[in-house]
Amino acid sequence: MAKKASNFRNGAAPAKAKPSPKGVATIRTPLTQDPHAIRDTREKVLEVAIGREVRAFRKKLGITVADLAAATDISLGMLSKIENGITSPSLTTLQALSRALGVPVTAFFRRFEEERSAVFVKAGEGLDVERRGTRAGHQYNLLGHIGSNTSGVVVEPYLITLTEDSDVFPTFQHEGMEFLYMLEGEVVYRHGSNLYPMKPGDSLFFDADAPHGPEVLTQLPMRYLSIICYPQSSAG
């Protein structure tokens with residue numbers, strides 16, 4: 001059974017379906033990430049990157065910090081500092097770690113050297129794509145795409161346009177999360193057993209594993225942003 005979406009606007013409820021809780025919902029999960037935080041220096045970034053790789057390779061082998069300490073003759077305290085990015089290991093230490101973990105020394109710098117990508121799309125220059133399951137008259141304009149990245153998450157931002165020529169409305173169901181933001185027109189959007197009347201400025205955020213899609217095109221033409229996120233391992 002599909003999970004009900006939280007509604008952040010007083011008095012709003014789905015139309016002609018199981019009602020969502022009225023009133024203002026609260027976000028119970030604390031949002032702890034600081035979007036303004038920056039790393040102090042490039043050297044600090046390198047230390048953190050090396051530490052993450054050492055920990056990842058160690059866990060992949062299924063060994064403890066104590067096991068790695070015994071194999072490398074490096075103290076537990078030093079290994080803890082290395083894995084937490086607190087100290088810069090010497091080349092001798094990196095060589096000892098590479099032998100014990102069975103990886104080349106260069107493997108510890110992989111995350112540090114990895115290029116961080118960005119995609120800039122000017123107005124009207126997005127890529128028109130045809131998603132599986134779409135019908136005639138459903139225009140999908142992909143606004144950017146980054147494949148392999150450090151986050152482990154794939155994000156697909158679409159500008160979707162529906163007009164008088166749009167065919168029967170499809171129902172989608174796929175892995176990940178999806179966020180909709182209405183720009184123009186009006187629609188009654190279905191998520192699971194709930195119906196949400198949406199106008200410009202309205203948004204809907206939901207688990208995309210439940211059946212969802214436009215149920216009634218109330219006012220055309222209609223445009224909305226659809227941002228889909230799913231694990232990188234599920235790409236393709």
# chains A, B, ... in the order shown; residues from 1 in each chain; ligands from 1
call {"tool": "residues_around", "arguments": {"residues": "Leu143 in chain A", "least_positions_apart": "2", "cutoff": "6 Å", "atoms": "only C-alpha atoms", "output": "list in words"}}
result
Gly126, Pro157 and Tyr158 of chain A
call {"tool": "write_last_selection", "arguments": {"atoms": "N, CA, C and O atoms", "output": "PDB file, in the first residue's frame"}}
result
ATOM      1  N   GLY A 126      17.364  22.502 -23.245  1.00  0.00           N
ATOM      2  CA  GLY A 126      17.365  21.173 -22.648  1.00  0.00           C
ATOM      3  C   GLY A 126      17.208  20.106 -23.716  1.00  0.00           C
ATOM      4  O   GLY A 126      16.837  20.382 -24.863  1.00  0.00           O
ATOM      5  N   PRO A 157      16.460  15.849 -13.660  1.00  0.00           N
ATOM      6  CA  PRO A 157      15.522  16.979 -13.629  1.00  0.00           C
ATOM      7  C   PRO A 157      14.839  17.163 -14.993  1.00  0.00           C
ATOM      8  O   PRO A 157      15.506  17.336 -16.007  1.00  0.00           O
ATOM      9  N   TYR A 158      13.521  17.105 -15.005  1.00  0.00           N
ATOM     10  CA  TYR A 158      12.763  17.251 -16.248  1.00  0.00           C
ATOM     11  C   TYR A 158      11.849  18.469 -16.189  1.00  0.00           C
ATOM     12  O   TYR A 158      11.285  18.785 -15.134  1.00  0.00           O
TER      13      TYR A 158
END
call {"tool": "select_by_dssp", "arguments": {"residues": "range 52-166 of chain A", "states": "helix (DSSP H, G or I)", "output": "count of residues only"}}
result
46
call {"tool": "closest_residue", "arguments": {"among": "A:Ser98, A:Gln232, A:Thr161, A:Ser151", "to": "Val54 in chain A", "atoms": "only C-alpha atoms"}}
result
A:Ser98
call {"tool": "residues_around", "arguments": {"residues": "range 202-206 of chain A", "least_positions_apart": "5", "cutoff": "7 Å", "atoms": "only C-alpha atoms", "output": "NGL selection string"}}
result
:A and (5 or 177-182)
call {"tool": "write_last_selection", "arguments": {"atoms": "all heavy atoms", "output": "tab-separated table (two decimals), in the first residue's frame"}}
result
chain	number	residue	atom	x	y	z
A	5	ALA	N	1.43	11.11	1.41
A	5	ALA	CA	2.37	12.23	1.43
A	5	ALA	C	1.97	13.21	2.50
A	5	ALA	O	0.79	13.44	2.75
A	5	ALA	CB	2.38	12.91	0.06
A	177	MET	N	12.83	8.59	-5.34
A	177	MET	CA	11.95	9.65	-4.88
A	177	MET	C	11.72	10.63	-6.03
A	177	MET	O	12.54	10.74	-6.94
A	177	MET	CB	12.57	10.40	-3.69
A	177	MET	CG	12.99	9.51	-2.54
A	177	MET	SD	11.60	8.72	-1.72
A	177	MET	CE	10.80	10.15	-0.97
A	178	GLU	N	10.58	11.34	-5.97
A	178	GLU	CA	10.28	12.32	-7.03
A	178	GLU	C	9.69	13.58	-6.42
A	178	GLU	O	8.92	13.52	-5.45
A	178	GLU	CB	9.30	11.72	-8.05
A	178	GLU	CG	9.06	12.62	-9.25
A	178	GLU	CD	8.37	11.89	-10.40
A	178	GLU	OE1	8.22	10.66	-10.31
A	178	GLU	OE2	8.00	12.57	-11.38
A	179	PHE	N	10.08	14.72	-7.00
A	179	PHE	CA	9.58	16.02	-6.55
A	179	PHE	C	8.96	16.74	-7.74
A	179	PHE	O	9.58	16.84	-8.81
A	179	PHE	CB	10.72	16.86	-5.97
A	179	PHE	CG	10.32	18.26	-5.60
A	179	PHE	CD1	9.63	18.51	-4.42
A	179	PHE	CD2	10.63	19.33	-6.43
A	179	PHE	CE1	9.25	19.80	-4.07
A	179	PHE	CE2	10.26	20.63	-6.10
A	179	PHE	CZ	9.57	20.86	-4.91
A	180	LEU	N	7.73	17.20	-7.58
A	180	LEU	CA	7.04	17.95	-8.63
A	180	LEU	C	6.82	19.39	-8.20
A	180	LEU	O	6.50	19.65	-7.03
A	180	LEU	CB	5.67	17.33	-8.95
A	180	LEU	CG	5.61	15.85	-9.31
A	180	LEU	CD1	4.17	15.46	-9.61
A	180	LEU	CD2	6.50	15.55	-10.50
A	181	TYR	N	6.96	20.33	-9.14
A	181	TYR	CA	6.68	21.73	-8.86
A	181	TYR	C	5.92	22.31	-10.05
A	181	TYR	O	6.45	22.35	-11.18
A	181	TYR	CB	7.97	22.52	-8.63
A	181	TYR	CG	7.73	23.95	-8.23
A	181	TYR	CD1	7.45	24.28	-6.90
A	181	TYR	CD2	7.76	24.98	-9.18
A	181	TYR	CE1	7.21	25.60	-6.53
A	181	TYR	CE2	7.52	26.29	-8.82
A	181	TYR	CZ	7.25	26.60	-7.49
A	181	TYR	OH	7.01	27.91	-7.13
A	182	MET	N	4.69	22.76	-9.80
A	182	MET	CA	3.84	23.27	-10.87
A	182	MET	C	4.27	24.68	-11.30
A	182	MET	O	4.47	25.55	-10.47
A	182	MET	CB	2.38	23.31	-10.42
A	182	MET	CG	1.72	21.94	-10.32
A	182	MET	SD	1.58	21.11	-11.93
A	182	MET	CE	0.54	22.27	-12.83
